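These notes concern the structure reproduced below.
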There are 2 protein chains.
Amino acid sequence: MKIVRSVSGARAAVRLARTDGVTRVGLVPTMGALHDGHLSLVRAAQHGSDLVVMSIFVNPKQFTELSDLERYPRQEAADAALAEAARVDILFAPEPSELYPDGFATTVHVGGPLTQTLEAAGRGPEHFDGVATVVAKLLLAVDADTAYFGQKDAQQVMVVRRMVADLSIPTEIVACPTVRDADGLAMSSRNVRLSAEERAQAAAIPRALEAAETAFALGETRVEHVHARVVAVLTAGGIAPEYVAFVDADSFVPVAEIAGPVLCAIAARVGAVRLIDNTLLTPPDVIEEH
Amino acid sequence: MKIVRSVSGARAAVRLARTDGVTRVGLVPTMGALHDGHLSLVRAAQHGSDLVVMSIFVNPKQFTELSDLERYPRQEAADAALAEAARVDILFAPEPSELYPDGFATTVHVGGPLTQTLEAAGRGPEHFDGVATVVAKLLLAVDADTAYFGQKDAQQVMVVRRMVADLSIPTEIVACPTVRDADGLAMSSRNVRLSAEERAQAAAIPRALEAAETAFALGETRVEHVHARVVAVLTAGGIAPEYVAFVDADSFVPVAEIAGPVLCAIAARVGAVRLIDNTLLTPPDVIEEH
C-alpha cells in the first residue's frame, strides 16, 4: 500500500496506475477511526474498481462544534494497518494545510430542501458546505471513477449525489448498506466514545427503526402512526431523540404518507455522543432507483 | 466541427477524441457574440492543445441585471460559422436547462478580497458565484486539460484560478492578452451596443490606461498620483468612471504604492453599456509569475 500526503502525490500515483492499465479508480473517503463499515466500503470498491484509494481526513470544515472536532478519534497507525490488511492500494492522508492552504477561499454549497432538514439543524448550516467542498476536492484530486459512501449518512450521500450531478463531476456515487454490530447499532467512529451503559441505551435506535419497518410491513403507511411507534421505542429505551423524520428519499421533503421510498431517520444524543441512523421504507410496488 | 448540446454529448465527443490519440484538450469558454478577442483564445488553444473545444453559453447565473441578460447579443449561427472558420474542433452550445436542470442546487463560491473589490459592487455579489459555478461545470464536462480566458476580465481569471486550485480541478488556466480595436478599445461582445458617438467616448478608457502606464514608466509609483492621471483622462473624455482601482495583481487587495505587480482596472458606463478594462503595472525588477 502506497501512502501519499499531497494532492500532487495522490494524482501522480493514480496517473501512474492508469498508465499501468488501471481503468476504474474507486475512492473510499473516510475520516479514519476505521471500523467494519469502512471496510465494507473497501470491499465494494474492490468489486467495482481495479484500484482502491482510501482517503483519511478529519475535515475541519464539516465540524461545527470545535469540541466534536477535537474529540474525534484519531488513530492513523492503526488505520493504516487496517487499510493495508484490507488491500487498499493507495492511502491518501493529507494534513488540513495540504487540502486548505493559506488563501483557500472556495466553498461548494448545495442549497434547497436537501440541506435544510434533518442534520441541518443539529450540525449547523456549514456542515454540508464542508462535506460538499471536501468531497468535490477529494474526487477531483484522485480522479475517482467511483466513490463509495455509507448509507448510514443518507443525507450526506444525497448532498454528494446532487453536487456531483450539478457540477458534472465524472464520478459515480455508490451508497453501501449500513453495517451494524450484533446489538444492531450502526457502526460509527463515534461509538468508541460510548460507555457500556450508553452503548446499551443506544441500541434502542436500531430497535426503533425496526419498529418502523415492522409497522410499515404490516400495512401502516401513515407517518403519524409510524412516527409514534418509533418515538415509543426510543422513549422506552431512555432516549429523547433530536429528531425522528420521514422524508421523501430523493428530495428530502417531509411526507405524511409512505407512498414512495421514504427515509426514516433518527438523530439522538446518548451521553455526549450524537448518533444518527436511518432505514429506507420502500413500498413493494415502487421500483427503487438508488 | 462537431456541435454538441448536452454534457453527455460533450463528454462522449472528448472521450472519443482521447481514444483517437488526443492528449491535450483545450477549452475556450465564451458567451458567444464572438469577436477577435475570442478568436485569439482559439489560436492560443490551438498552440497549446491538440483538441479545441469552444463553449457558447450565455450564463444566466452570472447576470445580476435581467435587462443585461436579455440584451446580451446572441448570434449562434454567425458564431458557429466563425468557430468553424477558426478550426474549433467541438462547439459545446447547451441550453440553460441542460446545464441547470430542474433541481439544480449547487453554487461554487469564492470568498475573500478577490470577490469583494472591483466588479463585486457593480455586478452584485452573485456575479462571481455564477462565474465560478459555470466554469467549474464546463471544465469538468469537457475534461479540459487547459482553459483559455481573456485578461480583459482580470478579476474573473483570478477567481477561476483560485477556484480551480482550491477544488483541485486538474485544469491549467491560461490568461491571454486583451485584444484591442484600432482605437484601443478592448474587444467586448457588449461593444456592438455602443452608438458611434459612445464608441468615440469609450476610447478614453484605453487612453486612460495608457496614461497610467506612461506615468508609471516615468517613475511614478504613488497610486494617488497615477490615479489622478487616469481620472483626468477619463473626465476629459466625458467619462465618469464607476471605479478606477489599483490592486495587488494576486490578492486584489488595494495598494497605495506600486511595488509589485499591480492591476490598474477601470469600470465605466458609456450610455447604457458597462465597460471594463485593465492594465498590469509591473516594476521592472519584479519577476512576473502569471
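Here, A, B, ... name the chains of the C-alpha cells in the order displayed, residue numbers run from 1 inside each chain, and ligands are numbered from 1 in the same displayed order.
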Sorted by chain and rising residue number, list the residues of chain A at most 6 Å from chain B (counting only C-alpha atoms), each with its closest atom pair and distance in Å to one decimal, as CSV.
```
residue,atom,partner,partner_atom,distance
A:Phe104,CA,B:Asp166,CA,5.9
A:Ala105,CA,B:Gly111,CA,5.0
A:Thr106,CA,B:Val110,CA,4.3
A:Thr107,CA,B:His109,CA,5.1
A:Val108,CA,B:Val108,CA,4.6
A:His109,CA,B:Thr107,CA,5.1
A:Val110,CA,B:Thr106,CA,4.3
A:Gly111,CA,B:Ala105,CA,5.0
A:Lys137,CA,B:Leu167,CA,4.6
A:Leu140,CA,B:Ile169,CA,5.8
A:Ala141,CA,B:Ser168,CA,5.5
A:Met163,CA,B:Thr106,CA,5.9
A:Asp166,CA,B:Phe104,CA,5.9
A:Leu167,CA,B:Lys137,CA,4.6
A:Ser168,CA,B:Ala141,CA,5.5
A:Ile169,CA,B:Leu140,CA,5.8
```
Please write the residues from the selection above to a file, keeping N, CA and C atoms, as a PDB file, in the first residue's frame.
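The result, written out as again-v7.pdb:
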```
ATOM      1  N   PHE A 104      -6.894  29.673   0.772  1.00  0.00           N
ATOM      2  CA  PHE A 104      -8.032  28.856   0.322  1.00  0.00           C
ATOM      3  C   PHE A 104      -9.311  29.657   0.542  1.00  0.00           C
ATOM      4  N   ALA A 105     -10.173  29.721  -0.469  1.00  0.00           N
ATOM      5  CA  ALA A 105     -11.311  30.648  -0.377  1.00  0.00           C
ATOM      6  C   ALA A 105     -12.589  30.106  -1.000  1.00  0.00           C
ATOM      7  N   THR A 106     -12.617  28.818  -1.359  1.00  0.00           N
ATOM      8  CA  THR A 106     -13.739  28.303  -2.140  1.00  0.00           C
ATOM      9  C   THR A 106     -14.662  27.406  -1.296  1.00  0.00           C
ATOM     10  N   THR A 107     -15.938  27.600  -1.464  1.00  0.00           N
ATOM     11  CA  THR A 107     -16.945  26.775  -0.804  1.00  0.00           C
ATOM     12  C   THR A 107     -17.889  26.211  -1.854  1.00  0.00           C
ATOM     13  N   VAL A 108     -18.157  24.929  -1.768  1.00  0.00           N
ATOM     14  CA  VAL A 108     -19.202  24.326  -2.604  1.00  0.00           C
ATOM     15  C   VAL A 108     -20.443  24.202  -1.733  1.00  0.00           C
ATOM     16  N   HIS A 109     -21.496  24.864  -2.149  1.00  0.00           N
ATOM     17  CA  HIS A 109     -22.726  24.914  -1.360  1.00  0.00           C
ATOM     18  C   HIS A 109     -23.861  24.236  -2.118  1.00  0.00           C
ATOM     19  N   VAL A 110     -24.506  23.284  -1.465  1.00  0.00           N
ATOM     20  CA  VAL A 110     -25.712  22.683  -2.034  1.00  0.00           C
ATOM     21  C   VAL A 110     -26.909  23.267  -1.282  1.00  0.00           C
ATOM     22  N   GLY A 111     -27.791  23.906  -2.005  1.00  0.00           N
ATOM     23  CA  GLY A 111     -28.944  24.556  -1.380  1.00  0.00           C
ATOM     24  C   GLY A 111     -30.192  23.688  -1.481  1.00  0.00           C
ATOM     25  N   LYS A 137     -13.314  18.115  -3.750  1.00  0.00           N
ATOM     26  CA  LYS A 137     -11.849  18.191  -3.875  1.00  0.00           C
ATOM     27  C   LYS A 137     -11.216  16.801  -3.886  1.00  0.00           C
ATOM     28  N   LEU A 140     -11.810  14.980  -7.219  1.00  0.00           N
ATOM     29  CA  LEU A 140     -11.017  15.537  -8.307  1.00  0.00           C
ATOM     30  C   LEU A 140      -9.531  15.279  -8.095  1.00  0.00           C
ATOM     31  N   ALA A 141      -9.092  15.282  -6.846  1.00  0.00           N
ATOM     32  CA  ALA A 141      -7.669  15.067  -6.565  1.00  0.00           C
ATOM     33  C   ALA A 141      -7.234  13.661  -6.966  1.00  0.00           C
ATOM     34  N   MET A 163     -24.403  17.355  -5.698  1.00  0.00           N
ATOM     35  CA  MET A 163     -23.236  18.175  -6.046  1.00  0.00           C
ATOM     36  C   MET A 163     -22.506  17.606  -7.261  1.00  0.00           C
ATOM     37  N   ASP A 166     -24.681  18.209 -10.320  1.00  0.00           N
ATOM     38  CA  ASP A 166     -24.771  19.630 -10.670  1.00  0.00           C
ATOM     39  C   ASP A 166     -23.469  20.145 -11.281  1.00  0.00           C
ATOM     40  N   LEU A 167     -22.332  19.721 -10.752  1.00  0.00           N
ATOM     41  CA  LEU A 167     -21.044  20.223 -11.263  1.00  0.00           C
ATOM     42  C   LEU A 167     -20.475  19.344 -12.374  1.00  0.00           C
ATOM     43  N   SER A 168     -21.228  18.331 -12.797  1.00  0.00           N
ATOM     44  CA  SER A 168     -20.752  17.417 -13.845  1.00  0.00           C
ATOM     45  C   SER A 168     -19.415  16.782 -13.492  1.00  0.00           C
ATOM     46  N   ILE A 169     -19.237  16.473 -12.222  1.00  0.00           N
ATOM     47  CA  ILE A 169     -18.037  15.724 -11.817  1.00  0.00           C
ATOM     48  C   ILE A 169     -18.213  14.293 -12.319  1.00  0.00           C
TER      49      ILE A 169
END
```
**Message:** Please list as a count of residues only every residue within 12 Å of Thr23 in chain B, counting only C-alpha atoms and excluding residues in the same chain fewer than 3 positions away.
**Reply:** 17
**Asked** Which polymer residues have any atom within 6 Å of an atom of Leu263 in chain B, counting only C-alpha atoms, with same-chain residues fewer than 5 positions away left out, as number ranges by chain?
**Response** B: 246-247, 249, 279-280
Kindly export the residues of the current selection with C-alpha atoms, as a JSON list (two decimals), in the first residue's frame.
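The result, stored in again-v7.json:
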```json
[["chain", "number", "residue", "atom", "x", "y", "z"],
["B", 246, "PHE", "CA", -5.17, 49.80, -8.15],
["B", 247, "VAL", "CA", -4.95, 46.36, -6.56],
["B", 249, "ALA", "CA", -2.34, 41.58, -9.00],
["B", 279, "THR", "CA", -3.57, 47.02, -17.48],
["B", 280, "LEU", "CA", -0.87, 45.36, -15.42]]
```
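With only C-alpha atoms as the atoms that count, the residue of B:Ala10, B:Leu27, B:Val131, B:Ala175 with the shortest distance to Ala93 in chain B is B:Ala10.
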**Request:** If you run DSSP over the backbone, which residues in range 88-274 of chain A end up strand (DSSP E or B)? Put them as a PyMOL selection string.
**Result:** chain A and resi 90-92+106-110+146-150+172-176+180+186+222+241-248+254+257+262-270+273-274
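Between Phe149 in chain B and the candidates B:His225, B:Arg5, B:Arg180, B:Arg161, the tightest atom-to-atom separation, counting only C-alpha atoms, involves B:Arg161.
Every protein or nucleic acid residue with an atom no more than 12 Å from Val255 in chain B, counting only C-alpha atoms and leaving out same-chain residues fewer than 3 positions away, appears here: B:Thr221, B:Arg222, B:Val223, B:Glu224, B:Val226, B:His227, B:Ala245, B:Phe246, B:Val247, B:Asp248, B:Ala249, B:Asp250, B:Ser251, B:Phe252, B:Ile258, B:Ala259, B:Gly260, B:Pro261, B:Val262, B:Leu263, B:Cys264.
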Same residues, C-alpha atoms, output as a PDB file, in the first residue's frame:
```pdb
ATOM      1  CA  THR B 221       4.826  54.663  -8.138  1.00  0.00           C
ATOM      2  CA  ARG B 222       2.389  56.527  -5.852  1.00  0.00           C
ATOM      3  CA  VAL B 223      -1.096  55.256  -6.642  1.00  0.00           C
ATOM      4  CA  GLU B 224      -2.662  58.561  -5.595  1.00  0.00           C
ATOM      5  CA  VAL B 226      -1.331  57.698 -11.098  1.00  0.00           C
ATOM      6  CA  HIS B 227      -4.992  57.513 -10.126  1.00  0.00           C
ATOM      7  CA  ALA B 245      -8.743  50.823  -8.848  1.00  0.00           C
ATOM      8  CA  PHE B 246      -5.173  49.800  -8.153  1.00  0.00           C
ATOM      9  CA  VAL B 247      -4.949  46.357  -6.564  1.00  0.00           C
ATOM     10  CA  ASP B 248      -2.243  43.797  -5.905  1.00  0.00           C
ATOM     11  CA  ALA B 249      -2.341  41.577  -9.001  1.00  0.00           C
ATOM     12  CA  ASP B 250      -2.554  38.368  -6.954  1.00  0.00           C
ATOM     13  CA  SER B 251      -4.611  39.185  -3.888  1.00  0.00           C
ATOM     14  CA  PHE B 252      -6.689  42.027  -5.361  1.00  0.00           C
ATOM     15  CA  ILE B 258       3.219  50.207  -6.998  1.00  0.00           C
ATOM     16  CA  ALA B 259       5.918  47.973  -5.551  1.00  0.00           C
ATOM     17  CA  GLY B 260       4.946  44.611  -7.059  1.00  0.00           C
ATOM     18  CA  PRO B 261       2.670  43.767  -9.993  1.00  0.00           C
ATOM     19  CA  VAL B 262      -0.388  45.974  -9.674  1.00  0.00           C
ATOM     20  CA  LEU B 263      -3.566  45.772 -11.701  1.00  0.00           C
ATOM     21  CA  CYS B 264      -4.972  49.119 -12.735  1.00  0.00           C
TER      22      CYS B 264
END
```
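Residue-level DSSP output for range 45-121 of chain A, from the backbone, shows alpha helix (DSSP H) at Ala45, Gln46, His47, Gly48, Leu66, Ser67, Asp68, Leu69, Glu70, Arg71, Glu76, Ala77, Ala78, Asp79, Ala80, Ala81, Leu82, Ala83, Glu84, Ala85, Pro96, Ser97, Glu98, Leu99, Glu119, Ala120 and Ala121 of chain A.
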**Test item: residues at most 8 Å from Glu198 in chain A, only C-alpha atoms, excluding those fewer than 3 positions along its chain, as an NGL selection string** = :A and (194-195 or 201-202 or 270-271)
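Near range 120-123 of chain A, within a cut-off of 8 Å and counting only C-alpha atoms, sit the residues A:Phe63, A:Thr64, A:Glu65, A:Thr115, A:Gln116, A:His127, A:Phe128, A:Glu242, with same-chain residues fewer than 4 positions away left out.
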Deliver the residues from the most recent selection as a file, using all heavy atoms, as a tab-separated table (two decimals), in the first residue's frame.
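In the end it all went to part27.tsv:
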```
chain	number	residue	atom	x	y	z
A	63	PHE	N	-17.08	20.18	10.69
A	63	PHE	CA	-17.40	20.17	12.12
A	63	PHE	C	-17.87	21.56	12.51
A	63	PHE	O	-17.19	22.54	12.24
A	63	PHE	CB	-16.17	19.80	12.95
A	63	PHE	CG	-15.82	18.34	12.89
A	63	PHE	CD1	-15.10	17.84	11.82
A	63	PHE	CD2	-16.23	17.48	13.90
A	63	PHE	CE1	-14.77	16.49	11.75
A	63	PHE	CE2	-15.91	16.14	13.84
A	63	PHE	CZ	-15.18	15.64	12.77
A	64	THR	N	-19.03	21.63	13.12
A	64	THR	CA	-19.49	22.94	13.55
A	64	THR	C	-19.30	23.12	15.05
A	64	THR	O	-19.43	24.21	15.56
A	64	THR	CB	-20.97	23.16	13.14
A	64	THR	OG1	-21.69	21.95	13.38
A	64	THR	CG2	-21.05	23.46	11.66
A	65	GLU	N	-18.94	22.01	15.75
A	65	GLU	CA	-18.57	22.12	17.15
A	65	GLU	C	-17.09	21.80	17.28
A	65	GLU	O	-16.66	20.70	16.94
A	65	GLU	CB	-19.35	21.10	18.01
A	65	GLU	CG	-20.78	21.45	18.28
A	65	GLU	CD	-21.46	20.36	19.11
A	65	GLU	OE1	-20.86	19.85	20.09
A	65	GLU	OE2	-22.59	19.99	18.75
A	115	THR	N	-30.54	20.31	2.18
A	115	THR	CA	-29.62	20.75	3.24
A	115	THR	C	-30.33	21.61	4.28
A	115	THR	O	-29.69	22.29	5.07
A	115	THR	CB	-28.43	21.52	2.64
A	115	THR	OG1	-28.95	22.55	1.78
A	115	THR	CG2	-27.53	20.62	1.84
A	116	GLN	N	-31.67	21.55	4.25
A	116	GLN	CA	-32.41	22.35	5.24
A	116	GLN	C	-33.16	21.49	6.25
A	116	GLN	O	-33.79	22.02	7.15
A	116	GLN	CB	-33.39	23.29	4.51
A	116	GLN	CG	-32.67	24.48	3.86
A	116	GLN	CD	-33.52	25.16	2.81
A	116	GLN	OE1	-34.71	24.92	2.70
A	116	GLN	NE2	-32.89	26.00	2.01
A	127	HIS	N	-22.22	22.63	7.92
A	127	HIS	CA	-21.79	21.23	7.88
A	127	HIS	C	-21.74	20.67	6.46
A	127	HIS	O	-20.72	20.15	6.01
A	127	HIS	CB	-22.70	20.37	8.76
A	127	HIS	CG	-22.48	18.90	8.58
A	127	HIS	ND1	-21.31	18.28	8.96
A	127	HIS	CD2	-23.26	17.93	8.02
A	127	HIS	CE1	-21.39	17.00	8.65
A	127	HIS	NE2	-22.56	16.76	8.09
A	128	PHE	N	-22.86	20.82	5.74
A	128	PHE	CA	-22.90	20.22	4.40
A	128	PHE	C	-22.06	21.00	3.39
A	128	PHE	O	-21.61	20.43	2.39
A	128	PHE	CB	-24.35	20.04	3.92
A	128	PHE	CG	-25.05	18.92	4.62
A	128	PHE	CD1	-26.13	19.15	5.45
A	128	PHE	CD2	-24.59	17.62	4.48
A	128	PHE	CE1	-26.76	18.11	6.11
A	128	PHE	CE2	-25.22	16.56	5.14
A	128	PHE	CZ	-26.31	16.81	5.96
A	242	GLU	N	-33.34	13.82	18.99
A	242	GLU	CA	-33.26	15.19	18.46
A	242	GLU	C	-34.28	15.33	17.34
A	242	GLU	O	-34.97	16.33	17.23
A	242	GLU	CB	-31.84	15.42	17.95
A	242	GLU	CG	-31.49	16.85	17.64
A	242	GLU	CD	-30.06	16.93	17.15
A	242	GLU	OE1	-29.12	16.74	17.96
A	242	GLU	OE2	-29.88	17.17	15.95
```
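Atom pair CA of Val192 in chain A / CA of Val273 in chain A: separated by 9.6 Å.
Take the candidates A:Ala80, A:Val157, A:Ile90, A:Ala212 and check each one against Ala12 in chain A using only C-alpha atoms; the shortest distance goes to A:Ile90.
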**Request:** Between CA of Gly150 in chain A and CA of Gly219 in chain A, measure the distance and give it in Å to one decimal.
**Result:** 28.2 Å
**Item:** A:Thr171, A:Thr117, A:Ser6, A:Gly130 ranked by distance to Pro94 in chain A, top pick (using only C-alpha atoms)
**Value:** A:Ser6
**Request:** Can you pull out every residue within 9 Å of Arg207 in chain B, counting only C-alpha atoms, but drop anything in the same chain fewer than 2 positions away, and send it as a PyMOL selection string?
**Result:** chain B and resi 184-185+203-205+209-212+230+233-234
N, CA, C and O atoms of the current selection, written as a PDB file, in the first residue's frame:
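As a result, out39.pdb now contains:
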```
ATOM      1  N   GLY B 184      -8.068  51.391 -29.724  1.00  0.00           N
ATOM      2  CA  GLY B 184      -7.592  50.989 -28.397  1.00  0.00           C
ATOM      3  C   GLY B 184      -8.640  50.310 -27.546  1.00  0.00           C
ATOM      4  O   GLY B 184      -8.309  49.670 -26.542  1.00  0.00           O
ATOM      5  N   LEU B 185      -9.910  50.426 -27.930  1.00  0.00           N
ATOM      6  CA  LEU B 185     -10.982  49.858 -27.098  1.00  0.00           C
ATOM      7  C   LEU B 185     -10.841  48.326 -27.026  1.00  0.00           C
ATOM      8  O   LEU B 185     -10.662  47.665 -28.052  1.00  0.00           O
ATOM      9  N   ALA B 203     -13.323  55.265 -26.085  1.00  0.00           N
ATOM     10  CA  ALA B 203     -11.882  55.158 -26.349  1.00  0.00           C
ATOM     11  C   ALA B 203     -11.042  55.901 -25.314  1.00  0.00           C
ATOM     12  O   ALA B 203      -9.816  55.731 -25.246  1.00  0.00           O
ATOM     13  N   ALA B 204     -11.700  56.732 -24.506  1.00  0.00           N
ATOM     14  CA  ALA B 204     -10.961  57.382 -23.410  1.00  0.00           C
ATOM     15  C   ALA B 204     -10.488  56.356 -22.375  1.00  0.00           C
ATOM     16  O   ALA B 204      -9.521  56.615 -21.640  1.00  0.00           O
ATOM     17  N   ILE B 205     -11.155  55.204 -22.308  1.00  0.00           N
ATOM     18  CA  ILE B 205     -10.766  54.192 -21.301  1.00  0.00           C
ATOM     19  C   ILE B 205      -9.360  53.645 -21.582  1.00  0.00           C
ATOM     20  O   ILE B 205      -8.492  53.714 -20.710  1.00  0.00           O
ATOM     21  N   LEU B 209      -5.758  54.171 -19.436  1.00  0.00           N
ATOM     22  CA  LEU B 209      -4.836  53.105 -19.015  1.00  0.00           C
ATOM     23  C   LEU B 209      -3.432  53.377 -19.521  1.00  0.00           C
ATOM     24  O   LEU B 209      -2.434  53.151 -18.821  1.00  0.00           O
ATOM     25  N   GLU B 210      -3.355  53.901 -20.762  1.00  0.00           N
ATOM     26  CA  GLU B 210      -2.037  54.272 -21.307  1.00  0.00           C
ATOM     27  C   GLU B 210      -1.391  55.368 -20.470  1.00  0.00           C
ATOM     28  O   GLU B 210      -0.175  55.366 -20.259  1.00  0.00           O
ATOM     29  N   ALA B 211      -2.213  56.299 -20.012  1.00  0.00           N
ATOM     30  CA  ALA B 211      -1.685  57.378 -19.168  1.00  0.00           C
ATOM     31  C   ALA B 211      -1.098  56.801 -17.880  1.00  0.00           C
ATOM     32  O   ALA B 211      -0.051  57.257 -17.398  1.00  0.00           O
ATOM     33  N   ALA B 212      -1.762  55.778 -17.334  1.00  0.00           N
ATOM     34  CA  ALA B 212      -1.234  55.113 -16.131  1.00  0.00           C
ATOM     35  C   ALA B 212       0.101  54.446 -16.442  1.00  0.00           C
ATOM     36  O   ALA B 212       1.074  54.567 -15.688  1.00  0.00           O
ATOM     37  N   VAL B 230      -5.279  59.046 -14.421  1.00  0.00           N
ATOM     38  CA  VAL B 230      -6.293  58.211 -15.083  1.00  0.00           C
ATOM     39  C   VAL B 230      -7.644  58.926 -15.067  1.00  0.00           C
ATOM     40  O   VAL B 230      -8.322  59.029 -16.100  1.00  0.00           O
ATOM     41  N   VAL B 233      -7.835  61.844 -17.549  1.00  0.00           N
ATOM     42  CA  VAL B 233      -8.044  61.459 -18.961  1.00  0.00           C
ATOM     43  C   VAL B 233      -9.504  61.036 -19.183  1.00  0.00           C
ATOM     44  O   VAL B 233     -10.122  61.410 -20.183  1.00  0.00           O
ATOM     45  N   LEU B 234     -10.053  60.283 -18.237  1.00  0.00           N
ATOM     46  CA  LEU B 234     -11.444  59.847 -18.370  1.00  0.00           C
ATOM     47  C   LEU B 234     -12.381  61.049 -18.363  1.00  0.00           C
ATOM     48  O   LEU B 234     -13.287  61.155 -19.210  1.00  0.00           O
TER      49      LEU B 234
END
```
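Considering the residues B:Ala77, B:Val25, B:Ser189, B:Pro254 and counting only C-alpha atoms, Val58 in chain B has its shortest atom-to-atom contact with B:Ser189.
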